[in-house]
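Student: Just passing along the structure, written as structure tokens.
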Amino acid sequence: MRLLFRHLSSVLLAAALASPVIITGCAARVSTGYRIHDGYYNDDHVWDDNEIVFYTRWEGETHREHRDFRRRPREEQKEYFAWRHDRDHDRR
């Protein structure tokens with residue numbers, strides 16, 4: 001019984017020490033967005049939570065079904081970037 005308790009204690013201690021590393025590693029991967037180059041305006045957009053909000057709004061306003069941006073035809077991507085840049089200039 002004591003042998004089982006020692007092994008169980010060691011496993012629990014190892015799990016407790018390893019969990020912050022595992023959790024931090026996952027969070028870092030999720031929080032980093034990827035970049036999409038806008039050839040029309042010759043700039044980059046970091047595809048993060050902020051950009052997803054704009055993209056979802058564009059899909060709604062233009063009555064489009066949800067689709068991953070990278071799978072949209074080039075012409076629709078160009079339309080999104082034009083719409084997006086108009087919104088950036090409205091805030092200035």
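Just remember, in the structure tokens the first chain shown is A, the second B, etc., residues are 1-based per chain, and ligands are 1-based in the order shown.
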Could you list, as a VMD selection string, every residue within 12 Å of region 60-65 of chain A, counting only C-alpha atoms and ignoring same-chain residues fewer than 6 positions away?

Tutor: chain A and resid 53 to 54 72 76 79 to 80 83

Student: Would you mind reading off the distance between CA of Tyr40 (chain A) and CA of Lys78 (chain A), one decimal, in Å?

Tutor: 6.9 Å

Student: Looking at only C-alpha atoms, which of A:Arg6, A:Arg84, A:Arg57, A:Arg70 is the one that sits closest to Ile36 (chain A)?

Tutor: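 Checking each candidate against Ile36 (chain A), we get A:Arg70 as the closest.
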
Student: In terms of the shortest atom-to-atom distance over only C-alpha atoms, which of A:Trp47, A:Gly39, A:Ser10, A:Thr56 is closest to Gln77 (chain A)?

Tutor: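 Ranked by minimum distance to Gln77 (chain A), first place goes to A:Gly39.
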
Student: For Asp44 (chain A), which residue out of A:Met1, A:Asp88, A:Phe81, A:Glu59 is the nearest one, using only C-alpha atoms?

Tutor: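 Among A:Met1, A:Asp88, A:Phe81, A:Glu59, it is A:Phe81 that comes nearest to Asp44 (chain A).
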
Student: Near Ile52 (chain A), counting only C-alpha atoms, which residues have an atom at most 12 Å away, once you skip same-chain residues fewer than 6 positions from it, shown as a ChimeraX atom specification?

Tutor: /A:33-34,45-46,58-59,66-69,80,84
